[in-house]
Amino acid sequence: MAHAIDVALLEKIKKHGADGTLNVSACFNCGNCTAVCPLAEDSAGFPRRIIRMAQVGMEKELLAQEDLWRCYACGECTKTCPREADPMQFMAAARSYAISRYDATGLSGLMYRSPVFNIIVFLVLSGFFSLLLLRRKGEMAMGSNGNLFSGYGSTQLFRFIPGEWVHGIGIALFIVIGLTLAFGVVSMVARVMGRKNQAGERPPYPIAALIPSIWSAIVDALNHDRFRQCDKDEPAPSEPLHLRAWFVHGTIMWGFLAMLLATTLDYLFKPIGSPVPPWYPMRILGLVGGLVCLYGLSIAIGRRIQAKETPYDKSSFGDWFFLVLLTATVLTGLGTLIVVYMPHPTLFGYVTFMSHIVLAMDLIVLLPLTKFAHVVYRTLALALHEWAKAPAPETAAAVATHS
Amino acid sequence: MTTSTQDKTSYRPDAIIVGAGIAGMQSALDLADQGLQVLLVERQSSIGGHMIALAKVFPTLDCASCITAPKMSASAHHENIRIMVNTEVRGIRTVRGTHFVKLFKKATYVNFDKCIGCRLCEYACDSEYPDPFEEGLGAKRAIAVPFTNAIPQKAVLDPELCTTCGSCARVCPTDAIEFDQQSEEVEMETDAVIVASGYALNSLSVKPQYHALQSKNIISALTMERLLAPHGPYGRVLRPSDGKVPSSVAFVLCAGSRDASIGVPYCSRVCCMYSIKMAMLLSGALPIADITIYYMDIRAFGKGYEQFYQNAKAMGINFVRGKVARIDPIEDGDLSLHVETTEDAENILQERRHDLVVLAQGMVPEWNPSIGTPVAVASDGFVATPMLTAPTSTTANGIFVAGVAAGPKDIVDTIAEAGAAAMQVSQYLHQKRGAAAVEYAQDPVLVG
């Protein structure tokens, strides 16, 4: 089988590493990382095989590895690497590189490598969304909201920026982003599914197993089943439950999903801007989700600021950008929730509300270009891996009759 | 403890050698044969160093003690060599080219002048403990001659383990036992020093993933040397936990060096070869056992070493490329090794079961001379040798280094270097004494 060799591949991936310290050239392929990894499977050989692919410039093969996304960065490999080649950070950099290559626009590559470009994009987008929203600006009422807890504030807010306008832009963004992401997804799926094993064979990928594979990937992603196995290594995990990486990640994800669900249900079933009391179920869901998410984000950010130990000691700009953007979105969202129940509308309230909408739009629009994209690619990788394991229909039938 | 500034006999050696392993003995013999007076200082109770404990040497498979023992007796009987065992060097201060070496003579509670090495005290003693010479596998008494072929053949009493029952004193035919003996600090004047302080093996517990302290069947390389030695603790190879004859032995290379994650990034240079050697000896001792060497790469760089490695492969010793990431104790005292077999296309991630595991721990310096002496050490902890063209020179004028004290090396290189250090000392003394009429106007100039 012929390979197209990209001699600069390793250097390109290194540029995606945190603060340029990725020392993966030091790797001499001893295999310690794979053997110490709590997630590595017999067939996988990651991280070492993927590092090898990067070292010898096998870009096509590297981008066809769903295994890139089956690592959850517990850092065991980096802690024990005899060459301090930092396999964990390599995997993160390779994932980031893969996102930039799956993305047809080429923007995500620039976003990852250049913090300045990232910030400019963020500012331009934010400005654009602000101007767009203000085009339909209504009155900024400053009178009384009526009773405390009436929730009349939301009516006031949506008088300032019409709810239909916000939702209209939001839906348009979702469509645009969905299409952009679809390109990336198709690119990844085509690469992974086109991969042959050493015998030159491809897995059968039976259609019947498609839906079950996707379903199991979603269940795994929601449950953090695989992520939790990162704990299994030593007799007892060294950290209390509430500080373990998978739990912290879980709180961020579940909190985020709760907020997303609350917003969606509100959009579907509640007339825009209609006042509801604080104990309205969707409000409670949003509040709890926001607080849970905020807990996870504060731990994640705190540990990266402390930077005391692997895997928190090296953070790329992309890590920071995503965490800070998400935190800002959640904080302004919770702020808006408070504003809605204030007895009097304030300028601060309108600004918080506006910021929340703009930040949420930034978050959505940047999803395919930032670390946020892992939501899609990781789940996809889990599904593809599951699907590849499914036997061909004939074999399945044969097994069924045999048993 | 008493302190005296000068030895009572006003003995002044031309050179003091720190450490009486193979390097120190070779340097001492080479200097003494030139008519120079040499004081050989040894921290342990016998000279001979690590080498006298080894089974055989690579790549010739010669008996190690058959090479070491003659050097030991030659040193002991040489008219120009004096030996001080149980003595530590506590510091060196240099004044106008003269070194004042501070020696700490540990109390042995036995008068060496009277002791005749008859061992009656040893036979009478009731207090037993694991023998350090046998790496803890055999038993030793609280008062004992260090080991069979120790030099000097003098009993030494360990006050930590002695119950002061007095049995030894009662049986001693020469009244050599002195319970009131004191440790003593003396300062010895000399013109040249050779540091030949050698190495210690890195700790078994240095890599927590290997769980070496949880199983008696994860042993150090020196323990395996003792198991293989003809006069070893069991007289045959048995595994320590239950005395079973091992049927599957693993050697794990780079278990204590070449690993930046444990702070020892350098290569110890001997582990590949001694592991191959022991694997060969094992295949003789245990003809039906499976023997596997796990390696990252085999460094067989010396004369005849590559052929030695090829012979081992031809003998049927398994070589598996992959760094062992984890060792877990499992049932029956066996061990499970987690390794990625990086040269296999399939089944690359393996858990392999063995009933005895030898860790190639690697060498770390035995002594840090940068504390208390003008000798600087390099970043790896071994004595710094700044001059490329004089590899036995240190940063201190008149102080030289030989053997593993300067960096990991095998016996062949150690002996060559010890000879070179002796040559440098004799040349240095010659120049120094030729210019002796000229008063030293300033403090000695440091090299490098």
# chains A, B, ... in the order shown; residues from 1 in each chain; ligands from 1
>>> interface_residues(of="chain B", to="chain A", cutoff="8 Å", atoms="only C-alpha atoms", output="PDB file with N, CA and C atoms, in the first residue's frame")
ATOM      1  N   ARG B 258      17.513   5.551  32.237  1.00  0.00           N
ATOM      2  CA  ARG B 258      16.952   5.923  30.925  1.00  0.00           C
ATOM      3  C   ARG B 258      15.469   6.227  31.055  1.00  0.00           C
ATOM      4  N   ASP B 259      15.094   6.797  32.162  1.00  0.00           N
ATOM      5  CA  ASP B 259      13.686   7.102  32.375  1.00  0.00           C
ATOM      6  C   ASP B 259      13.586   8.483  33.019  1.00  0.00           C
ATOM      7  N   ALA B 260      13.279   9.464  32.199  1.00  0.00           N
ATOM      8  CA  ALA B 260      13.236  10.832  32.716  1.00  0.00           C
ATOM      9  C   ALA B 260      12.149  11.001  33.771  1.00  0.00           C
ATOM     10  N   SER B 261      11.118  10.151  33.716  1.00  0.00           N
ATOM     11  CA  SER B 261      10.016  10.329  34.658  1.00  0.00           C
ATOM     12  C   SER B 261      10.437   9.986  36.082  1.00  0.00           C
ATOM     13  N   ILE B 262      11.556   9.253  36.250  1.00  0.00           N
ATOM     14  CA  ILE B 262      12.037   8.995  37.603  1.00  0.00           C
ATOM     15  C   ILE B 262      13.319   9.775  37.875  1.00  0.00           C
ATOM     16  N   PRO B 265      17.725  10.120  33.561  1.00  0.00           N
ATOM     17  CA  PRO B 265      17.597  10.022  32.101  1.00  0.00           C
ATOM     18  C   PRO B 265      18.759   9.301  31.430  1.00  0.00           C
ATOM     19  N   MET B 296      14.059  -1.796  25.518  1.00  0.00           N
ATOM     20  CA  MET B 296      13.697  -0.688  24.616  1.00  0.00           C
ATOM     21  C   MET B 296      14.608  -0.722  23.395  1.00  0.00           C
ATOM     22  N   ARG B 321      10.619  -6.502  22.485  1.00  0.00           N
ATOM     23  CA  ARG B 321      10.834  -5.063  22.494  1.00  0.00           C
ATOM     24  C   ARG B 321       9.599  -4.344  23.013  1.00  0.00           C
ATOM     25  N   GLY B 322       9.777  -3.621  24.075  1.00  0.00           N
ATOM     26  CA  GLY B 322       8.685  -2.853  24.656  1.00  0.00           C
ATOM     27  C   GLY B 322       9.021  -2.552  26.097  1.00  0.00           C
ATOM     28  N   LYS B 323       8.781  -1.341  26.488  1.00  0.00           N
ATOM     29  CA  LYS B 323       9.053  -0.971  27.881  1.00  0.00           C
ATOM     30  C   LYS B 323       7.900  -1.487  28.743  1.00  0.00           C
ATOM     31  N   VAL B 324       8.248  -2.230  29.783  1.00  0.00           N
ATOM     32  CA  VAL B 324       7.207  -2.719  30.695  1.00  0.00           C
ATOM     33  C   VAL B 324       6.649  -1.524  31.448  1.00  0.00           C
ATOM     34  N   ALA B 325       5.327  -1.349  31.342  1.00  0.00           N
ATOM     35  CA  ALA B 325       4.711  -0.170  31.947  1.00  0.00           C
ATOM     36  C   ALA B 325       4.262  -0.441  33.374  1.00  0.00           C
ATOM     37  N   ARG B 326       3.849  -1.680  33.621  1.00  0.00           N
ATOM     38  CA  ARG B 326       3.313  -1.958  34.943  1.00  0.00           C
ATOM     39  C   ARG B 326       3.586  -3.417  35.287  1.00  0.00           C
ATOM     40  N   HIS B 338       2.592  -5.723  32.130  1.00  0.00           N
ATOM     41  CA  HIS B 338       1.835  -5.056  31.071  1.00  0.00           C
ATOM     42  C   HIS B 338       2.830  -4.430  30.110  1.00  0.00           C
ATOM     43  N   VAL B 339       2.733  -4.817  28.862  1.00  0.00           N
ATOM     44  CA  VAL B 339       3.732  -4.334  27.908  1.00  0.00           C
ATOM     45  C   VAL B 339       3.105  -4.243  26.525  1.00  0.00           C
ATOM     46  N   GLU B 340       3.529  -3.245  25.766  1.00  0.00           N
ATOM     47  CA  GLU B 340       3.163  -3.198  24.360  1.00  0.00           C
ATOM     48  C   GLU B 340       4.311  -3.813  23.588  1.00  0.00           C
ATOM     49  N   THR B 341       4.040  -4.914  22.917  1.00  0.00           N
ATOM     50  CA  THR B 341       5.103  -5.556  22.139  1.00  0.00           C
ATOM     51  C   THR B 341       5.186  -4.824  20.809  1.00  0.00           C
ATOM     52  N   THR B 342       6.101  -3.864  20.773  1.00  0.00           N
ATOM     53  CA  THR B 342       6.067  -2.885  19.682  1.00  0.00           C
ATOM     54  C   THR B 342       6.517  -3.445  18.344  1.00  0.00           C
ATOM     55  N   GLU B 346       0.082  -7.681  15.554  1.00  0.00           N
ATOM     56  CA  GLU B 346      -1.187  -7.893  16.247  1.00  0.00           C
ATOM     57  C   GLU B 346      -0.931  -8.276  17.686  1.00  0.00           C
ATOM     58  N   ASN B 347      -1.995  -8.264  18.448  1.00  0.00           N
ATOM     59  CA  ASN B 347      -1.898  -8.570  19.874  1.00  0.00           C
ATOM     60  C   ASN B 347      -0.766  -7.809  20.535  1.00  0.00           C
ATOM     61  N   ILE B 348      -0.728  -6.533  20.220  1.00  0.00           N
ATOM     62  CA  ILE B 348       0.441  -5.780  20.663  1.00  0.00           C
ATOM     63  C   ILE B 348       0.380  -5.452  22.140  1.00  0.00           C
ATOM     64  N   LEU B 349      -0.791  -5.393  22.698  1.00  0.00           N
ATOM     65  CA  LEU B 349      -0.892  -5.056  24.113  1.00  0.00           C
ATOM     66  C   LEU B 349      -1.047  -6.347  24.889  1.00  0.00           C
ATOM     67  N   GLN B 350      -0.065  -6.630  25.698  1.00  0.00           N
ATOM     68  CA  GLN B 350      -0.080  -7.951  26.320  1.00  0.00           C
ATOM     69  C   GLN B 350       0.087  -7.869  27.826  1.00  0.00           C
TER      70      GLN B 350
END
>>> residues_around(residues="Ala155 (chain B)", least_positions_apart="2", cutoff="8 Å", atoms="only C-alpha atoms", output="PyMOL selection string")
chain B and resi 110+115+117+119+121-122+143-146+153+157
>>> closest_atom_pairs(of="region 154-236 of chain B", to="region 283-289 of chain B", cutoff="12 Å", atoms="only C-alpha atoms", output="tab-separated table")
residue	atom	partner	partner_atom	distance
B:Leu227	CA	B:Ala285	CA	10.2
B:Leu228	CA	B:Ala285	CA	7.9
B:Ala229	CA	B:Ala285	CA	10.6
B:Pro230	CA	B:Ala285	CA	10.6
B:Gly235	CA	B:Ala285	CA	10.7
B:Arg236	CA	B:Ala285	CA	7.6
>>> write_last_selection(atoms="N, CA and C atoms", output="short mmCIF file (atom, residue, chain, number, x, y, z; two decimals), in the first residue's frame")
data_model
loop_
_atom_site.label_atom_id
_atom_site.label_comp_id
_atom_site.auth_asym_id
_atom_site.auth_seq_id
_atom_site.Cartn_x
_atom_site.Cartn_y
_atom_site.Cartn_z
N LEU B 227 21.86 -15.25 43.51
CA LEU B 227 21.19 -16.54 43.28
C LEU B 227 21.99 -17.40 42.31
N LEU B 228 22.68 -16.73 41.36
CA LEU B 228 23.42 -17.47 40.34
C LEU B 228 24.83 -17.80 40.79
N ALA B 229 25.33 -17.11 41.83
CA ALA B 229 26.72 -17.33 42.24
C ALA B 229 26.86 -18.74 42.81
N PRO B 230 27.99 -19.39 42.53
CA PRO B 230 28.18 -20.77 43.01
C PRO B 230 28.15 -20.86 44.53
N GLY B 235 22.58 -21.83 46.93
CA GLY B 235 23.37 -22.77 46.15
C GLY B 235 22.70 -23.15 44.85
N ARG B 236 21.53 -22.62 44.59
CA ARG B 236 20.82 -22.85 43.33
C ARG B 236 19.81 -21.73 43.16
#
>>> closest_atom_pairs(of="region 78-168 of chain A", to="region 13-19 of chain A", cutoff="10 Å", atoms="only C-alpha atoms", output="JSON lines")
{"residue": "A:Gln89", "atom": "CA", "partner": "A:Gly17", "partner_atom": "CA", "distance": 6.6}
{"residue": "A:Phe90", "atom": "CA", "partner": "A:Gly17", "partner_atom": "CA", "distance": 6.8}
{"residue": "A:Met91", "atom": "CA", "partner": "A:Gly17", "partner_atom": "CA", "distance": 9.1}
{"residue": "A:Ala92", "atom": "CA", "partner": "A:Gly17", "partner_atom": "CA", "distance": 7.3}
{"residue": "A:Ala93", "atom": "CA", "partner": "A:Gly17", "partner_atom": "CA", "distance": 4.8}
{"residue": "A:Ala94", "atom": "CA", "partner": "A:Ile13", "partner_atom": "CA", "distance": 5.8}
{"residue": "A:Arg95", "atom": "CA", "partner": "A:His16", "partner_atom": "CA", "distance": 8.9}
{"residue": "A:Ser96", "atom": "CA", "partner": "A:His16", "partner_atom": "CA", "distance": 6.4}
{"residue": "A:Tyr97", "atom": "CA", "partner": "A:Ile13", "partner_atom": "CA", "distance": 5.9}
{"residue": "A:Ala98", "atom": "CA", "partner": "A:Ile13", "partner_atom": "CA", "distance": 9.0}
{"residue": "A:Ser100", "atom": "CA", "partner": "A:His16", "partner_atom": "CA", "distance": 9.7}
{"residue": "A:Gly109", "atom": "CA", "partner": "A:His16", "partner_atom": "CA", "distance": 8.6}
{"residue": "A:Tyr112", "atom": "CA", "partner": "A:His16", "partner_atom": "CA", "distance": 6.5}
{"residue": "A:Arg113", "atom": "CA", "partner": "A:His16", "partner_atom": "CA", "distance": 6.0}
{"residue": "A:Ser114", "atom": "CA", "partner": "A:His16", "partner_atom": "CA", "distance": 9.5}
>>> atom_distance(atom1="CA of Gly434 (chain B)", atom2="CA of Val41 (chain B)")
27.4 Å
>>> residues_around(residues="Ile284 (chain A)", least_positions_apart="3", cutoff="12 Å", atoms="only C-alpha atoms", output="list in words")
Ala258, Met259, Leu261, Ala262, Thr263, Asp266, Val276, Pro277, Pro278, Trp279, Tyr280, Pro281, Leu287, Val288, Gly289, Gly290, Leu291, Leu334 and Leu337 of chain A
>>> write_last_selection(atoms="C-alpha atoms", output="PDB file, in the first residue's frame")
ATOM      1  CA  ALA A 258     -29.884  20.986  31.043  1.00  0.00           C
ATOM      2  CA  MET A 259     -29.598  24.639  30.027  1.00  0.00           C
ATOM      3  CA  LEU A 261     -33.002  21.637  27.118  1.00  0.00           C
ATOM      4  CA  ALA A 262     -34.575  24.393  29.197  1.00  0.00           C
ATOM      5  CA  THR A 263     -34.030  26.912  26.393  1.00  0.00           C
ATOM      6  CA  ASP A 266     -39.117  27.286  26.488  1.00  0.00           C
ATOM      7  CA  VAL A 276     -43.501  32.994  34.490  1.00  0.00           C
ATOM      8  CA  PRO A 277     -42.739  32.584  38.214  1.00  0.00           C
ATOM      9  CA  PRO A 278     -39.280  31.347  39.299  1.00  0.00           C
ATOM     10  CA  TRP A 279     -40.623  27.900  40.136  1.00  0.00           C
ATOM     11  CA  TYR A 280     -41.690  27.376  36.547  1.00  0.00           C
ATOM     12  CA  PRO A 281     -40.066  23.971  35.716  1.00  0.00           C
ATOM     13  CA  LEU A 287     -30.905  27.409  37.076  1.00  0.00           C
ATOM     14  CA  VAL A 288     -29.813  24.009  38.353  1.00  0.00           C
ATOM     15  CA  GLY A 289     -28.092  23.244  35.053  1.00  0.00           C
ATOM     16  CA  GLY A 290     -26.286  26.569  35.169  1.00  0.00           C
ATOM     17  CA  LEU A 291     -25.056  26.035  38.718  1.00  0.00           C
ATOM     18  CA  LEU A 334     -27.580  33.079  35.212  1.00  0.00           C
ATOM     19  CA  LEU A 337     -32.244  34.806  35.096  1.00  0.00           C
TER      20      LEU A 337
END
>>> residues_around(residues="Pro233 (chain B)", least_positions_apart="4", cutoff="7 Å", atoms="only C-alpha atoms", output="list of chain:residue names")
B:Glu134, B:Leu137, B:Gly138, B:Arg226, B:Leu227
>>> residues_around(residues="Val330 (chain A)", least_positions_apart="2", cutoff="9 Å", atoms="only C-alpha atoms", output="ChimeraX atom specification")
/A:256,259,290-291,293-294,325-328,332-335,356,360
>>> atom_distance(atom1="CA of Gln65 (chain A)", atom2="CA of Ser25 (chain A)")
20.1 Å
>>> residues_around(residues="Asn311 (chain B)", least_positions_apart="3", cutoff="12 Å", atoms="only C-alpha atoms", output="NGL selection string")
:B and (59-60 or 276-277 or 279-280 or 304-308 or 314-318)
>>> write_last_selection(atoms="C-alpha atoms", output="PDB file, in the first residue's frame")
ATOM      1  CA  PRO B  59      31.124 -11.278  27.712  1.00  0.00           C
ATOM      2  CA  THR B  60      33.587 -14.017  28.664  1.00  0.00           C
ATOM      3  CA  ILE B 276      21.861 -11.046  28.867  1.00  0.00           C
ATOM      4  CA  LYS B 277      24.655 -12.638  30.896  1.00  0.00           C
ATOM      5  CA  ALA B 279      19.775 -14.932  31.164  1.00  0.00           C
ATOM      6  CA  MET B 280      22.493 -17.138  29.701  1.00  0.00           C
ATOM      7  CA  GLY B 304      32.581  -8.907  21.780  1.00  0.00           C
ATOM      8  CA  TYR B 305      29.273  -7.715  23.207  1.00  0.00           C
ATOM      9  CA  GLU B 306      27.225  -7.847  20.029  1.00  0.00           C
ATOM     10  CA  GLN B 307      28.315 -11.432  19.446  1.00  0.00           C
ATOM     11  CA  PHE B 308      27.378 -12.197  23.046  1.00  0.00           C
ATOM     12  CA  ALA B 314      20.552 -18.210  19.347  1.00  0.00           C
ATOM     13  CA  MET B 315      20.342 -19.946  22.720  1.00  0.00           C
ATOM     14  CA  GLY B 316      16.605 -19.364  22.734  1.00  0.00           C
ATOM     15  CA  ILE B 317      16.344 -16.455  25.149  1.00  0.00           C
ATOM     16  CA  ASN B 318      13.262 -14.411  24.230  1.00  0.00           C
TER      17      ASN B 318
END
>>> residues_around(residues="region 177-181 of chain A", least_positions_apart="4", cutoff="12 Å", atoms="only C-alpha atoms", output="JSON, numbers by chain")
{"A": [99, 100, 102, 103, 104, 105, 106, 107, 108, 170, 171, 172, 173, 185, 186, 187, 188, 361, 362, 363, 364, 365, 366, 367, 368, 369, 370, 372, 373, 374, 375, 376, 377, 380]}
>>> write_last_selection(atoms="N, CA and C atoms", output="tab-separated table (two decimals), in the first residue's frame")
chain	number	residue	atom	x	y	z
A	99	ILE	N	-9.19	18.28	13.89
A	99	ILE	CA	-10.34	19.17	13.71
A	99	ILE	C	-10.04	20.16	12.59
A	100	SER	N	-8.80	20.71	12.64
A	100	SER	CA	-8.47	21.73	11.64
A	100	SER	C	-8.41	21.13	10.24
A	102	TYR	N	-10.28	18.35	9.28
A	102	TYR	CA	-11.63	17.95	8.88
A	102	TYR	C	-12.42	19.17	8.42
A	103	ASP	N	-12.12	20.31	9.02
A	103	ASP	CA	-12.85	21.53	8.72
A	103	ASP	C	-12.45	22.05	7.34
A	104	ALA	N	-13.44	22.16	6.46
A	104	ALA	CA	-13.15	22.52	5.08
A	104	ALA	C	-12.71	23.98	4.95
A	105	THR	N	-13.16	24.86	5.86
A	105	THR	CA	-12.89	26.29	5.70
A	105	THR	C	-11.43	26.64	5.99
A	106	GLY	N	-10.76	25.82	6.78
A	106	GLY	CA	-9.38	26.14	7.14
A	106	GLY	C	-9.30	27.15	8.28
A	107	LEU	N	-10.45	27.67	8.70
A	107	LEU	CA	-10.44	28.69	9.76
A	107	LEU	C	-10.02	28.11	11.11
A	108	SER	N	-10.45	26.89	11.38
A	108	SER	CA	-10.18	26.35	12.71
A	108	SER	C	-8.67	26.18	12.93
A	170	GLY	N	-30.80	32.86	15.73
A	170	GLY	CA	-30.30	31.62	16.33
A	170	GLY	C	-30.52	30.43	15.41
A	171	ILE	N	-31.72	30.32	14.87
A	171	ILE	CA	-32.02	29.17	14.01
A	171	ILE	C	-31.18	29.23	12.73
A	172	ALA	N	-31.03	30.45	12.20
A	172	ALA	CA	-30.19	30.60	11.01
A	172	ALA	C	-28.77	30.12	11.31
A	173	LEU	N	-28.26	30.51	12.50
A	173	LEU	CA	-26.90	30.10	12.87
A	173	LEU	C	-26.80	28.60	12.96
A	185	VAL	N	-17.85	16.37	9.51
A	185	VAL	CA	-18.29	15.04	9.89
A	185	VAL	C	-18.11	14.08	8.71
A	186	VAL	N	-18.54	14.52	7.53
A	186	VAL	CA	-18.41	13.66	6.35
A	186	VAL	C	-16.93	13.36	6.10
A	187	SER	N	-16.10	14.40	6.26
A	187	SER	CA	-14.66	14.22	6.04
A	187	SER	C	-14.11	13.16	6.99
A	188	MET	N	-14.47	13.28	8.28
A	188	MET	CA	-13.95	12.33	9.25
A	188	MET	C	-14.49	10.92	8.97
A	361	MET	N	-24.43	33.06	20.89
A	361	MET	CA	-24.29	32.96	19.43
A	361	MET	C	-22.85	32.69	19.04
A	362	ASP	N	-21.92	33.37	19.72
A	362	ASP	CA	-20.49	33.10	19.47
A	362	ASP	C	-20.20	31.61	19.69
A	363	LEU	N	-20.70	31.12	20.81
A	363	LEU	CA	-20.43	29.72	21.18
A	363	LEU	C	-20.92	28.77	20.09
A	364	ILE	N	-22.13	29.04	19.62
A	364	ILE	CA	-22.70	28.16	18.59
A	364	ILE	C	-21.92	28.29	17.30
A	365	VAL	N	-21.66	29.53	16.91
A	365	VAL	CA	-21.05	29.73	15.59
A	365	VAL	C	-19.61	29.22	15.59
A	366	LEU	N	-18.97	29.25	16.75
A	366	LEU	CA	-17.57	28.79	16.80
A	366	LEU	C	-17.46	27.30	17.08
A	367	LEU	N	-18.60	26.66	17.32
A	367	LEU	CA	-18.54	25.24	17.69
A	367	LEU	C	-17.66	24.40	16.78
A	368	PRO	N	-17.83	24.51	15.45
A	368	PRO	CA	-17.03	23.61	14.61
A	368	PRO	C	-15.55	23.99	14.60
A	369	LEU	N	-15.24	25.22	15.05
A	369	LEU	CA	-13.87	25.71	14.91
A	369	LEU	C	-13.08	25.66	16.21
A	370	THR	N	-13.72	25.33	17.31
A	370	THR	CA	-13.02	25.37	18.60
A	370	THR	C	-13.02	24.00	19.24
A	372	PHE	N	-14.90	23.03	21.29
A	372	PHE	CA	-16.28	22.60	21.42
A	372	PHE	C	-16.60	21.48	20.42
A	373	ALA	N	-15.89	21.47	19.30
A	373	ALA	CA	-16.16	20.48	18.26
A	373	ALA	C	-15.99	19.05	18.76
A	374	HIS	N	-15.30	18.88	19.88
A	374	HIS	CA	-15.08	17.52	20.38
A	374	HIS	C	-16.42	16.86	20.71
A	375	VAL	N	-17.43	17.67	21.03
A	375	VAL	CA	-18.76	17.13	21.31
A	375	VAL	C	-19.20	16.24	20.15
A	376	VAL	N	-18.98	16.76	18.95
A	376	VAL	CA	-19.42	16.03	17.77
A	376	VAL	C	-18.45	14.92	17.41
A	377	TYR	N	-17.15	15.29	17.33
A	377	TYR	CA	-16.18	14.33	16.80
A	377	TYR	C	-15.97	13.15	17.74
A	380	LEU	N	-18.90	10.88	17.51
A	380	LEU	CA	-18.83	10.22	16.21
A	380	LEU	C	-17.78	9.09	16.23
